[in-house]
$ cat target-v1.cif   # mmCIF, C-alpha atoms
data_final
loop_
_atom_site.label_atom_id
_atom_site.label_comp_id
_atom_site.auth_asym_id
_atom_site.auth_seq_id
_atom_site.Cartn_x
_atom_site.Cartn_y
_atom_site.Cartn_z
CA MET A 21 -126.67 -80.14 14.53
CA GLU A 22 -124.56 -83.27 14.89
CA LEU A 23 -121.12 -83.33 13.37
CA GLU A 24 -120.06 -85.90 10.82
CA PRO A 25 -117.94 -88.70 12.33
CA GLU A 26 -114.87 -87.69 10.26
CA LEU A 27 -115.18 -84.08 11.43
CA MET A 28 -115.53 -85.21 15.03
CA LEU A 29 -112.40 -87.34 14.70
CA GLN A 30 -110.46 -84.43 13.22
CA GLU A 31 -111.71 -82.06 15.90
CA ALA A 32 -110.76 -84.58 18.56
CA ARG A 33 -107.21 -84.77 17.22
CA GLU A 34 -106.98 -80.99 17.19
CA ASN A 35 -108.24 -80.79 20.75
CA VAL A 36 -105.68 -83.36 21.87
CA GLU A 37 -102.90 -81.32 20.23
CA ALA A 38 -104.22 -78.16 21.82
CA ALA A 39 -104.32 -79.85 25.22
CA GLN A 40 -100.76 -81.09 24.82
CA SER A 41 -99.58 -77.59 23.88
CA TYR A 42 -101.53 -76.16 26.80
CA ARG A 43 -99.85 -78.63 29.12
CA ARG A 44 -96.41 -77.63 27.84
CA GLU A 45 -97.15 -73.95 28.33
CA LEU A 46 -98.37 -74.58 31.84
CA GLY A 47 -95.23 -76.56 32.56
CA GLN A 48 -93.10 -73.60 31.51
CA ARG A 49 -95.08 -71.33 33.78
CA LEU A 50 -94.62 -73.76 36.64
CA GLN A 51 -90.88 -73.51 36.04
CA GLY A 52 -91.16 -69.73 36.19
CA LEU A 53 -93.03 -70.03 39.47
CA ARG A 54 -90.35 -72.31 40.87
CA GLU A 55 -87.65 -69.78 39.98
CA ALA A 56 -89.68 -66.95 41.50
CA ARG A 57 -90.24 -68.98 44.65
CA ARG A 58 -86.55 -69.86 44.82
CA GLN A 59 -85.58 -66.19 44.52
CA ILE A 60 -87.89 -65.22 47.35
CA LYS A 61 -86.81 -68.13 49.54
CA GLU A 62 -83.08 -67.70 48.93
CA SER A 63 -83.13 -63.92 49.30
CA ALA A 64 -85.21 -64.23 52.46
CA SER A 65 -82.74 -66.79 53.80
CA GLN A 66 -79.77 -64.62 52.87
CA THR A 67 -81.44 -61.59 54.43
CA ARG A 68 -82.05 -63.50 57.66
CA ASP A 69 -78.39 -64.53 57.72
CA VAL A 70 -77.25 -60.94 57.18
CA LEU A 71 -79.57 -59.63 59.86
CA LYS A 72 -78.58 -62.29 62.40
CA GLN A 73 -74.86 -61.83 61.81
CA HIS A 74 -75.09 -58.06 62.04
CA PHE A 75 -77.12 -58.03 65.20
CA ASN A 76 -75.07 -60.76 66.85
CA ASP A 77 -71.98 -58.56 66.40
CA LEU A 78 -73.74 -55.77 68.28
CA LYS A 79 -75.31 -57.86 71.02
CA GLY A 80 -72.39 -57.61 73.42
CA THR A 81 -72.86 -53.83 73.64
CA LEU A 82 -76.55 -53.32 73.04
CA GLY A 83 -77.94 -56.47 74.67
CA LYS A 84 -81.68 -56.79 74.92
CA LEU A 85 -82.40 -53.69 72.83
CA LEU A 86 -80.83 -55.32 69.77
CA ASP A 87 -82.60 -58.60 70.45
CA GLU A 88 -85.97 -56.83 70.36
CA ARG A 89 -85.14 -55.10 67.09
CA LEU A 90 -83.92 -58.36 65.56
CA VAL A 91 -87.24 -60.02 66.36
CA THR A 92 -89.07 -57.10 64.74
CA LEU A 93 -87.06 -57.28 61.53
CA LEU A 94 -87.27 -61.06 61.29
CA GLN A 95 -91.02 -60.80 61.66
CA GLU A 96 -91.01 -58.24 58.85
CA VAL A 97 -89.09 -60.67 56.64
CA ASP A 98 -91.55 -63.43 57.51
CA THR A 99 -94.50 -61.16 56.76
CA ILE A 100 -93.14 -60.07 53.38
CA GLU A 101 -92.27 -63.65 52.50
CA GLN A 102 -95.69 -64.99 53.45
CA GLU A 103 -97.58 -62.17 51.73
CA THR A 104 -95.61 -62.48 48.52
CA ILE A 105 -95.55 -66.29 48.42
CA LYS A 106 -99.35 -66.51 48.75
CA PRO A 107 -100.11 -65.17 45.22
CA LEU A 108 -97.58 -67.65 43.86
CA ASP A 109 -99.30 -70.47 45.77
CA ASP A 110 -102.67 -69.43 44.33
CA CYS A 111 -101.21 -69.26 40.83
CA GLN A 112 -99.59 -72.67 41.26
CA LYS A 113 -102.88 -74.22 42.35
CA LEU A 114 -104.56 -72.76 39.28
CA ILE A 115 -101.86 -74.09 36.98
CA GLU A 116 -101.84 -77.53 38.61
CA HIS A 117 -105.61 -77.68 38.20
CA GLY A 118 -105.16 -76.79 34.55
CA VAL A 119 -102.47 -79.46 34.17
CA ASN A 120 -104.79 -82.10 35.67
CA THR A 121 -107.65 -81.01 33.43
CA ALA A 122 -105.41 -81.13 30.37
CA GLU A 123 -104.05 -84.57 31.29
CA ASP A 124 -107.57 -85.94 31.82
CA LEU A 125 -108.65 -84.46 28.49
CA VAL A 126 -105.65 -85.98 26.70
CA GLN A 127 -106.37 -89.43 28.14
CA GLU A 128 -110.08 -89.26 27.39
CA GLY A 129 -109.40 -87.99 23.86
CA GLU A 130 -106.90 -90.75 23.11
CA ILE A 131 -109.41 -93.39 24.26
CA ALA A 132 -112.15 -91.82 22.15
CA ILE A 133 -109.91 -91.74 19.08
CA LEU A 134 -109.08 -95.43 19.47
CA GLY A 135 -112.81 -96.17 19.19
CA GLY A 136 -112.77 -95.03 15.57
CA ILE A 137 -115.53 -93.11 13.80
CA GLY A 138 -118.36 -95.56 14.05
CA GLU A 139 -121.83 -94.17 14.50
CA GLN A 140 -122.07 -95.77 17.95
CA ASN A 141 -118.88 -94.22 19.27
CA GLU A 142 -120.56 -92.31 22.06
CA LYS A 143 -117.19 -91.66 23.76
CA LEU A 144 -115.98 -89.68 20.77
CA TRP A 145 -119.14 -87.60 20.76
CA ASN A 146 -118.95 -86.97 24.54
CA PHE A 147 -115.24 -86.07 24.31
CA THR A 148 -115.83 -83.61 21.49
CA LYS A 149 -118.63 -81.97 23.40
CA LYS A 150 -116.53 -81.82 26.59
CA ALA A 151 -113.46 -80.39 24.83
CA SER A 152 -115.52 -77.60 23.28
CA HIS A 153 -116.42 -76.35 26.77
CA ILE A 154 -112.81 -76.21 28.05
CA GLN A 155 -110.70 -73.13 27.35
CA LEU A 156 -107.41 -74.56 26.15
CA ASP A 157 -105.98 -71.16 25.21
CA SER A 158 -106.33 -69.52 28.63
CA LEU A 159 -102.94 -69.28 30.33
CA PRO A 160 -102.34 -67.57 33.67
CA GLU A 161 -99.68 -64.87 33.94
CA VAL A 162 -96.53 -65.83 35.85
CA PRO A 163 -94.47 -62.91 37.21
CA LEU A 164 -90.92 -62.29 35.97
CA LEU A 165 -88.12 -62.58 38.53
CA VAL A 166 -87.58 -58.82 38.46
CA ASP A 167 -91.26 -58.33 39.36
CA VAL A 168 -91.25 -60.49 42.51
CA PRO A 169 -89.59 -59.55 45.81
CA CYS A 170 -85.88 -60.17 46.29
CA LEU A 171 -85.48 -59.57 50.01
CA SER A 172 -82.41 -57.94 51.47
CA ALA A 173 -81.38 -55.92 54.48
CA GLN A 174 -79.89 -52.42 54.58
CA LEU A 175 -77.69 -52.01 57.64
CA ASP A 176 -75.34 -49.34 58.99
CA ASP A 177 -72.23 -50.57 60.84
CA SER A 178 -71.85 -47.27 62.65
CA VAL A 179 -74.86 -48.08 64.86
CA LEU A 180 -72.54 -48.49 67.87
CA ASN A 181 -72.17 -44.71 67.91
CA ILE A 182 -75.92 -44.14 67.89
CA VAL A 183 -77.75 -43.47 71.09
CA LYS A 184 -80.50 -45.65 72.51
CA ASP A 185 -83.37 -43.69 70.96
CA HIS A 186 -82.05 -44.47 67.46
CA ILE A 187 -81.59 -48.21 67.95
CA PHE A 188 -85.23 -49.00 67.23
CA LYS A 189 -84.94 -47.29 63.84
CA HIS A 190 -81.85 -49.24 62.82
CA GLY A 191 -82.07 -51.48 59.77
CA THR A 192 -84.71 -51.97 57.12
CA VAL A 193 -85.86 -54.86 54.97
CA ALA A 194 -86.22 -54.15 51.26
CA SER A 195 -88.44 -56.41 49.20
CA ARG A 196 -86.70 -55.47 45.94
CA PRO A 197 -83.74 -53.33 44.77
CA PRO A 198 -84.46 -49.73 43.71
CA VAL A 199 -82.70 -50.17 40.33
CA GLN A 200 -82.73 -52.93 37.72
CA ILE A 201 -80.81 -53.54 34.50
CA GLU A 202 -83.08 -52.60 31.60
CA GLU A 203 -81.17 -53.55 28.46
CA LEU A 204 -77.95 -55.17 27.24
CA ILE A 205 -76.80 -54.24 23.71
CA GLU A 206 -73.91 -56.05 22.06
CA LYS A 207 -71.12 -54.07 20.42
CA PRO A 208 -67.88 -55.22 18.77
CA GLY A 209 -65.71 -56.02 21.78
CA GLY A 210 -68.18 -54.53 24.24
CA ILE A 211 -71.69 -54.49 25.71
CA ILE A 212 -73.80 -51.40 26.38
CA VAL A 213 -75.56 -51.76 29.76
CA ARG A 214 -78.63 -49.63 30.48
CA TRP A 215 -80.43 -49.53 33.80
CA CYS A 216 -83.38 -47.69 35.30
CA LYS A 217 -84.92 -46.81 38.64
CA VAL A 218 -87.89 -49.02 39.59
CA ASP A 219 -88.65 -47.33 42.93
CA ASP A 220 -90.27 -43.93 42.39
CA ASP A 221 -89.65 -42.99 46.03
CA PHE A 222 -85.90 -43.58 45.73
CA THR A 223 -83.73 -40.61 44.71
CA ALA A 224 -80.43 -41.86 43.28
CA GLN A 225 -77.25 -39.85 43.62
CA ASP A 226 -74.84 -42.35 42.04
CA TYR A 227 -74.94 -45.77 40.41
CA ARG A 228 -72.43 -48.59 40.65
CA LEU A 229 -72.09 -51.19 37.87
CA GLN A 230 -70.24 -54.48 38.23
CA PHE A 231 -69.62 -57.39 35.88
CA ARG A 232 -67.93 -60.76 35.77
CA LYS A 233 -67.47 -63.72 33.48
CA CYS A 234 -69.97 -66.44 34.29
CA THR A 235 -67.06 -68.73 35.08
CA SER A 236 -65.78 -66.31 37.76
CA ASN A 237 -66.92 -66.02 41.37
CA HIS A 238 -65.85 -62.38 41.72
CA PHE A 239 -67.67 -59.27 40.47
CA GLU A 240 -65.55 -56.20 39.71
CA ASP A 241 -66.48 -52.53 39.52
CA VAL A 242 -66.57 -51.10 36.01
CA TYR A 243 -68.47 -47.83 36.52
CA VAL A 244 -69.48 -45.46 39.33
CA GLY A 245 -71.33 -42.28 38.43
CA SER A 246 -74.65 -40.57 37.78
CA GLU A 247 -75.31 -41.90 34.24
CA THR A 248 -77.79 -44.71 33.56
CA GLU A 249 -75.86 -46.19 30.63
CA PHE A 250 -72.31 -47.45 30.21
CA ILE A 251 -70.40 -49.44 27.59
CA VAL A 252 -68.32 -52.22 29.11
CA LEU A 253 -65.27 -52.79 26.88
CA HIS A 254 -62.75 -55.62 26.66
CA ILE A 255 -65.56 -58.14 26.24
CA ASP A 256 -64.46 -61.42 24.66
CA PRO A 257 -66.81 -62.55 21.85
CA ASN A 258 -69.22 -65.44 22.53
CA VAL A 259 -68.45 -65.47 26.27
CA ASP A 260 -71.27 -65.08 28.80
CA TYR A 261 -70.99 -62.25 31.32
CA GLN A 262 -73.15 -61.26 34.29
CA PHE A 263 -73.98 -57.65 35.13
CA ARG A 264 -75.52 -56.08 38.23
CA VAL A 265 -76.12 -52.52 39.40
CA CYS A 266 -76.91 -50.75 42.66
CA ALA A 267 -77.49 -47.14 43.67
CA ARG A 268 -76.64 -44.73 46.46
CA GLY A 269 -79.45 -42.58 47.75
CA ASP A 270 -79.20 -38.82 47.80
CA GLY A 271 -77.15 -37.76 50.83
CA ARG A 272 -76.39 -41.35 51.91
CA GLN A 273 -73.11 -43.26 52.12
CA GLU A 274 -74.28 -46.88 51.86
CA TRP A 275 -75.21 -48.59 48.60
CA SER A 276 -78.60 -50.13 47.90
CA PRO A 277 -79.11 -53.87 47.37
CA TRP A 278 -77.85 -55.23 44.06
CA SER A 279 -80.20 -55.67 41.13
CA VAL A 280 -81.07 -59.13 39.84
CA PRO A 281 -77.98 -60.17 37.81
CA GLN A 282 -78.51 -60.20 34.03
CA MET A 283 -76.52 -62.32 31.59
CA GLY A 284 -75.28 -61.05 28.22
CA HIS A 285 -72.67 -61.67 25.56
CA SER A 286 -71.46 -60.23 22.27
CA THR A 287 -71.25 -62.23 19.07
CA LEU A 288 -69.57 -59.34 17.21
CA VAL A 289 -65.86 -59.53 16.43
CA PRO A 290 -63.94 -56.73 18.20
CA HIS A 291 -62.62 -53.88 16.05
CA GLU A 292 -58.81 -53.88 15.85
CA TRP A 293 -56.19 -51.63 14.30
CA THR A 294 -53.54 -53.18 12.05
CA ALA A 295 -50.45 -54.12 14.03
CA GLY A 296 -46.92 -53.36 12.90
CA PHE A 297 -47.52 -49.91 11.41
CA GLU A 298 -44.42 -47.88 12.25
CA GLY A 299 -46.14 -44.58 13.05
CA TYR A 300 -48.54 -45.95 15.69
CA SER A 301 -48.35 -47.84 18.98
CA LEU A 302 -51.27 -50.14 19.84
CA SER A 303 -52.78 -51.38 23.10
CA SER A 304 -52.70 -55.08 23.96
CA ARG A 305 -56.21 -55.56 22.54
CA ARG A 306 -55.34 -53.44 19.48
CA ASN A 307 -58.43 -51.25 19.91
CA ILE A 308 -56.43 -48.16 20.96
CA ALA A 309 -53.93 -46.48 18.61
CA LEU A 310 -51.40 -43.82 19.72
CA ARG A 311 -49.59 -41.68 17.16
CA ASN A 312 -45.94 -41.93 18.18
CA ASP A 313 -42.88 -39.81 17.37
CA SER A 314 -41.98 -41.76 14.24
CA GLU A 315 -41.51 -39.65 11.11
CA SER A 316 -43.39 -42.31 9.13
CA SER A 317 -46.79 -41.12 7.89
CA GLY A 318 -49.79 -42.73 6.30
CA VAL A 319 -53.19 -44.16 7.14
CA LEU A 320 -53.56 -46.71 9.93
CA TYR A 321 -56.31 -49.10 8.81
CA SER A 322 -58.35 -51.69 10.64
CA SER A 323 -56.94 -55.20 10.56
CA ALA A 324 -60.03 -56.39 8.66
CA PRO A 325 -63.27 -54.93 7.21
CA THR A 326 -65.24 -55.47 10.43
CA TYR A 327 -67.67 -52.57 10.10
CA PHE A 328 -71.05 -53.48 8.59
CA CYS A 329 -73.86 -51.20 7.44
CA GLY A 330 -76.55 -50.81 10.08
CA GLN A 331 -74.05 -50.77 12.96
CA THR A 332 -72.68 -47.77 14.84
CA LEU A 333 -68.93 -47.30 14.67
CA THR A 334 -67.52 -45.16 17.49
CA PHE A 335 -64.15 -43.45 17.89
CA ARG A 336 -63.25 -41.85 21.23
CA VAL A 337 -60.31 -39.45 21.26
CA GLU A 338 -58.42 -40.11 24.50
CA THR A 339 -55.60 -37.56 24.04
CA VAL A 340 -54.77 -34.97 21.38
CA GLY A 341 -51.67 -33.66 19.67
CA GLN A 342 -51.09 -30.74 17.33
CA PRO A 343 -53.90 -30.69 14.73
CA ASP A 344 -53.32 -30.70 10.99
CA ARG A 345 -55.97 -30.17 8.30
CA ARG A 346 -54.82 -33.42 6.65
CA ASP A 347 -55.69 -35.48 9.77
CA SER A 348 -58.54 -37.95 9.28
CA ILE A 349 -60.81 -40.41 11.11
CA GLY A 350 -63.25 -42.38 9.00
CA VAL A 351 -64.20 -45.43 6.94
CA CYS A 352 -63.33 -46.62 3.45
CA ALA A 353 -64.29 -49.29 0.95
CA GLU A 354 -60.80 -50.78 0.80
CA LYS A 355 -57.24 -50.22 1.95
CA GLN A 356 -55.16 -48.08 -0.39
CA ASN A 357 -51.48 -47.73 0.45
CA GLY A 358 -49.58 -44.66 -0.61
CA TYR A 359 -52.06 -42.12 0.78
CA ASP A 360 -51.28 -40.04 3.85
CA SER A 361 -54.95 -39.36 4.66
CA LEU A 362 -58.49 -40.73 4.21
CA GLN A 363 -59.31 -37.51 2.36
CA ARG A 364 -59.41 -39.52 -0.88
CA ASP A 365 -61.75 -41.36 -3.22
CA GLN A 366 -63.88 -44.23 -1.84
CA ALA A 367 -63.64 -42.93 1.73
CA VAL A 368 -65.53 -40.64 4.13
CA CYS A 369 -63.86 -39.00 7.09
CA ILE A 370 -63.70 -36.09 9.50
CA SER A 371 -60.56 -34.04 10.03
CA THR A 372 -59.44 -32.90 13.48
CA ASN A 373 -60.59 -29.37 12.59
CA GLY A 374 -64.15 -30.68 12.03
CA ALA A 375 -64.11 -30.63 8.21
CA VAL A 376 -65.99 -33.54 6.58
CA PHE A 377 -64.70 -35.17 3.38
CA VAL A 378 -66.60 -37.45 0.98
CA ASN A 379 -64.60 -39.19 -1.74
CA GLY A 380 -61.86 -36.60 -1.28
CA LYS A 381 -64.15 -33.55 -1.55
CA GLU A 382 -64.73 -31.25 1.43
CA MET A 383 -68.38 -30.72 2.34
CA THR A 384 -69.90 -27.32 3.06
CA ASN A 385 -71.25 -28.53 6.41
CA GLN A 386 -68.66 -28.84 9.16
CA LEU A 387 -68.60 -30.38 12.63
CA PRO A 388 -66.91 -28.97 15.75
CA ALA A 389 -63.17 -29.51 16.05
CA VAL A 390 -62.08 -32.78 17.66
CA THR A 391 -60.80 -32.35 21.23
CA SER A 392 -59.74 -34.62 24.07
CA GLY A 393 -62.73 -36.71 25.12
CA SER A 394 -64.57 -36.17 21.81
CA THR A 395 -66.64 -39.06 20.49
CA VAL A 396 -67.07 -39.44 16.74
CA THR A 397 -69.69 -41.92 15.50
CA PHE A 398 -70.45 -43.24 12.02
CA ASP A 399 -73.88 -44.69 11.18
CA ILE A 400 -74.13 -46.02 7.63
CA GLU A 401 -77.16 -47.53 5.89
CA ALA A 402 -77.54 -48.93 2.38
CA VAL A 403 -79.88 -46.76 0.29
CA THR A 404 -79.80 -48.30 -3.20
CA LEU A 405 -78.17 -51.26 -4.88
CA GLY A 406 -77.33 -51.55 -8.56
CA SER A 407 -76.74 -48.84 -11.13
CA THR A 408 -77.73 -45.25 -10.44
CA ASN A 409 -79.24 -43.02 -13.08
CA ASN A 410 -77.47 -39.81 -12.09
CA ASN A 411 -74.18 -38.46 -13.36
CA GLU A 412 -72.33 -38.69 -10.08
CA GLY A 413 -70.87 -42.11 -10.84
CA GLY A 414 -70.91 -45.17 -8.61
CA ASN A 415 -73.36 -48.00 -8.37
CA PHE A 416 -73.79 -48.37 -4.62
CA LYS A 417 -75.28 -45.59 -2.49
CA LEU A 418 -74.90 -45.36 1.30
CA ARG A 419 -76.55 -42.93 3.69
CA VAL A 420 -73.88 -41.72 6.15
CA THR A 421 -74.43 -39.94 9.48
CA ILE A 422 -71.35 -38.57 11.27
CA SER A 423 -71.90 -37.26 14.80
CA SER A 424 -69.47 -35.37 16.99
CA ASN A 425 -69.92 -33.14 20.04
CA ASN A 426 -73.75 -33.25 19.86
CA ARG A 427 -73.86 -32.22 16.18
CA GLU A 428 -74.25 -34.36 13.07
CA VAL A 429 -74.09 -34.25 9.29
CA VAL A 430 -76.02 -36.57 6.97
CA PHE A 431 -75.13 -37.22 3.34
CA ASP A 432 -75.12 -39.87 0.59
CA TRP A 433 -71.91 -41.68 -0.27
CA LEU A 434 -71.50 -43.26 -3.72
CA LEU A 435 -69.14 -46.20 -4.13
CA GLU A 436 -67.85 -47.76 -7.32
CA ARG A 437 -68.99 -51.20 -6.19
CA SER A 438 -71.08 -52.75 -3.45
CA CYS A 439 -69.34 -53.55 -0.17
CA GLY A 440 -70.60 -56.04 2.38
CA SER A 441 -68.27 -54.54 4.97
CA LEU A 442 -65.96 -51.56 5.34
CA TYR A 443 -62.54 -50.76 6.73
CA PHE A 444 -61.99 -47.94 9.19
CA GLY A 445 -58.85 -45.88 9.58
CA CYS A 446 -57.14 -42.79 10.95
CA SER A 447 -54.18 -40.57 10.12
CA PHE A 448 -52.41 -37.93 12.21
CA PHE A 449 -49.38 -35.91 11.21
CA TYR A 450 -48.22 -35.03 14.72
CA PRO A 451 -47.69 -37.28 17.77
CA GLY A 452 -49.91 -37.42 20.85
CA TRP A 453 -53.24 -38.41 19.27
CA LYS A 454 -54.75 -41.48 20.90
CA VAL A 455 -57.96 -43.03 19.53
CA LEU A 456 -60.12 -45.85 20.91
CA VAL A 457 -62.45 -47.66 18.47
CA PHE A 458 -65.51 -49.73 19.38
#
$ encode --input "target-v1.cif" --output "structure tokens"
Amino acid sequence: MELEPELMLQEARENVEAAQSYRRELGQRLQGLREARRQIKESASQTRDVLKQHFNDLKGTLGKLLDERLVTLLQEVDTIEQETIKPLDDCQKLIEHGVNTAEDLVQEGEIAILGGIGEQNEKLWNFTKKASHIQLDSLPEVPLLVDVPCLSAQLDDSVLNIVKDHIFKHGTVASRPPVQIEELIEKPGGIIVRWCKVDDDFTAQDYRLQFRKCTSNHFEDVYVGSETEFIVLHIDPNVDYQFRVCARGDGRQEWSPWSVPQMGHSTLVPHEWTAGFEGYSLSSRRNIALRNDSESSGVLYSSAPTYFCGQTLTFRVETVGQPDRRDSIGVCAEKQNGYDSLQRDQAVCISTNGAVFVNGKEMTNQLPAVTSGSTVTFDIEAVTLGSTNNNEGGNFKLRVTISSNNREVVFDWLLERSCGSLYFGCSFFYPGWKVLVF
């Protein structure tokens, strides 16, 4: 059944728009292919340079034996490069064919549209028929950079002490690192970095995390250990940072190749304690408070209400002093001077003995006592807005979860008014307590 001229014209316009969108999508995939190709080429080139330099340093002692091994490894690099570039070449040819098809279809469609909707416009009819047979929503998959090889060489400088029979086993070429960064999560004044193993045959003993500002040329170590997650502190807000990780195999001394660097930043304002409070000494970034020997007492509050519902607020106790049941670490709706603890109305807190207080009342449930190295977290979510129908008072209900030493308590907190953000605070009656907030 033939279409009406107006419908054909409308369909032609839609097909032209679809072809233009298809062309844009293909262009983006071509860019992805170019980046993948560049990673392979550059890493292959860097690997060749590393291999050549390393073996040239050993040539004077090992002579022809090292030359033979160098040829073997370079051939391995060439083989990996050729084998891994070929699928990219095939994908590029497919995309370029699609680009040409889309461009031809756009040109033909534009010419057909210029002919109007007359009954004799055979070009419009032919274009409509042709466009209906072309799949303009079929886009080829382009691999992510972390999914394509990133060649590197693993070399042991102690090879001079190895006998001849071991020379031919010296050095390997890795097509990709055994670990990759999995996730970057912004925190106030910090970024949580999570990584994972991508090589099932690799057994990791330790991991090494480095970071740098994108304006810097030098990476610096920030963590070495067996965990697969670490929070990098002292992050300036709205500044781009790069992160990379490597691993050390079980029983080995050398580190693996670095992961593909990942970029991240935090838009959240860092948490800070209020400066100038006589009873506490603060770090340069004001995120660490130390109870000093001053006889002055009271609650040290945050400099601003920077904690928002839905976030996780974390306190890490670096050092401890003598505990007192009036000690407190917690959050509150507003600053109230004249109190020596957060064990008061419009506040929730935990004491150093593990007791939990809500609006000044001690709960039945209790957490373990706070010790050096303890981490106390607050997770608060809004439950209801407006007036409540119970007799407990308050018109704003929050669901609070306090966690410490692998235990948690969950309860509802009623405030007299709604709060878009909350203050945090702490109070200690004896010196020596040091608390980091993030």
$ resolve_selection --input "target-v1.cif" --expression "the PyMOL selection byres ((chain A and resi 143-150) around 7)" --output "PyMOL selection string"
chain A and resi 28+32+128-129+132-133+141-142+151-154
$ closest_residue --input "target-v1.cif" --among "A:Asp98, A:Phe431, A:Arg89, A:Asn385" --to "Glu401 of chain A" --atoms "all atoms listed in the file"
A:Phe431
$ resolve_selection --input "target-v1.cif" --expression "the PyMOL selection byres ((chain A and resi 57) around 12)" --output "ChimeraX atom specification"
/A:50-56,58-64,101-102,104-109,111-112,162-165,167-171
$ resolve_selection --input "target-v1.cif" --expression "the PyMOL selection byres ((chain A and resi 232) around 10)" --output "VMD selection string"
chain A and resid 230 to 231 233 to 242 260 to 264 283
$ residues_near_point --input "target-v1.cif" --point "(-69.7, -52.5, 2.5)" --cutoff "8 Å" --atoms "only C-alpha atoms" --output "list in words"
Tyr327, Phe328, Cys329, Ala353, Ser438, Cys439, Gly440, Ser441 and Leu442 of chain A
$ closest_residue --input "target-v1.cif" --among "A:Ser279, A:Ser301, A:Gln342, A:Gln155" --to "Arg228 of chain A" --atoms "all atoms listed in the file"
A:Ser279
$ atom_distance --input "target-v1.cif" --atom1 "atom CA of Val289 of chain A" --atom2 "atom CA of Pro257 of chain A"
6.3 Å
$ atom_distance --input "target-v1.cif" --atom1 "atom CA of Pro343 of chain A" --atom2 "atom CA of Ser371 of chain A"
8.8 Å
$ closest_residue --input "target-v1.cif" --among "A:Gly210, A:Gly374, A:Pro325, A:Gly271" --to "Pro290 of chain A" --atoms "only C-alpha atoms"
A:Gly210
$ atom_distance --input "target-v1.cif" --atom1 "atom CA of Gly118 of chain A" --atom2 "atom CA of Leu46 of chain A"
7.6 Å
$ residues_around --input "target-v1.cif" --residues "segment 395-399 of chain A" --least-positions-apart "5" --cutoff "7 Å" --atoms "all atoms listed in the file" --output "PDB file with C-alpha atoms, in the frame of the given file"
ATOM      1  CA  GLY A 330     -76.550 -50.810  10.080  1.00  0.00           C
ATOM      2  CA  GLN A 331     -74.050 -50.770  12.960  1.00  0.00           C
ATOM      3  CA  THR A 332     -72.680 -47.770  14.840  1.00  0.00           C
ATOM      4  CA  LEU A 333     -68.930 -47.300  14.670  1.00  0.00           C
ATOM      5  CA  THR A 334     -67.520 -45.160  17.490  1.00  0.00           C
ATOM      6  CA  PHE A 335     -64.150 -43.450  17.890  1.00  0.00           C
ATOM      7  CA  ARG A 336     -63.250 -41.850  21.230  1.00  0.00           C
ATOM      8  CA  VAL A 337     -60.310 -39.450  21.260  1.00  0.00           C
ATOM      9  CA  VAL A 420     -73.880 -41.720   6.150  1.00  0.00           C
ATOM     10  CA  THR A 421     -74.430 -39.940   9.480  1.00  0.00           C
ATOM     11  CA  ILE A 422     -71.350 -38.570  11.270  1.00  0.00           C
ATOM     12  CA  SER A 423     -71.900 -37.260  14.800  1.00  0.00           C
ATOM     13  CA  SER A 424     -69.470 -35.370  16.990  1.00  0.00           C
ATOM     14  CA  ASN A 425     -69.920 -33.140  20.040  1.00  0.00           C
TER      15      ASN A 425
END
$ residues_around --input "target-v1.cif" --residues "segment 214-220 of chain A" --least-positions-apart "2" --cutoff "9 Å" --atoms "all atoms listed in the file" --output "PyMOL selection string"
chain A and resi 196-205+212+222-224+248-251+265+267
$ residues_around --input "target-v1.cif" --residues "Ser314 of chain A" --least-positions-apart "6" --cutoff "9 Å" --atoms "only C-alpha atoms" --output "PyMOL selection string"
chain A and resi 298-300+451
$ closest_residue --input "target-v1.cif" --among "A:Trp275, A:Trp453, A:Tyr359, A:Phe297" --to "Arg311 of chain A" --atoms "all atoms listed in the file"
A:Trp453
$ residues_around --input "target-v1.cif" --residues "Ser447 of chain A" --least-positions-apart "2" --cutoff "8 Å" --atoms "all atoms listed in the file" --output "PyMOL selection string"
chain A and resi 317-320+346-349+360-362+445+449
$ decode --input "target-v1.cif" --residues "segment 427-433 of chain A" --atoms "N, CA and C atoms" --output "PDB file, in the first residue's frame"
ATOM      1  N   ARG A 427      29.178  -2.864  65.068  1.00  0.00           N
ATOM      2  CA  ARG A 427      27.826  -2.934  65.611  1.00  0.00           C
ATOM      3  C   ARG A 427      27.109  -1.636  65.298  1.00  0.00           C
ATOM      4  N   GLU A 428      25.775  -1.671  65.289  1.00  0.00           N
ATOM      5  CA  GLU A 428      25.024  -0.467  64.962  1.00  0.00           C
ATOM      6  C   GLU A 428      23.718  -0.429  65.742  1.00  0.00           C
ATOM      7  N   VAL A 429      23.213   0.789  65.914  1.00  0.00           N
ATOM      8  CA  VAL A 429      21.879   1.004  66.473  1.00  0.00           C
ATOM      9  C   VAL A 429      21.110   1.891  65.501  1.00  0.00           C
ATOM     10  N   VAL A 430      19.807   1.629  65.377  1.00  0.00           N
ATOM     11  CA  VAL A 430      18.949   2.386  64.467  1.00  0.00           C
ATOM     12  C   VAL A 430      17.764   2.910  65.267  1.00  0.00           C
ATOM     13  N   PHE A 431      17.443   4.181  65.088  1.00  0.00           N
ATOM     14  CA  PHE A 431      16.333   4.773  65.835  1.00  0.00           C
ATOM     15  C   PHE A 431      15.820   6.000  65.084  1.00  0.00           C
ATOM     16  N   ASP A 432      14.643   6.485  65.496  1.00  0.00           N
ATOM     17  CA  ASP A 432      14.062   7.704  64.933  1.00  0.00           C
ATOM     18  C   ASP A 432      14.381   8.882  65.836  1.00  0.00           C
ATOM     19  N   TRP A 433      14.668  10.005  65.195  1.00  0.00           N
ATOM     20  CA  TRP A 433      15.041  11.227  65.916  1.00  0.00           C
ATOM     21  C   TRP A 433      14.052  12.311  65.532  1.00  0.00           C
TER      22      TRP A 433
END
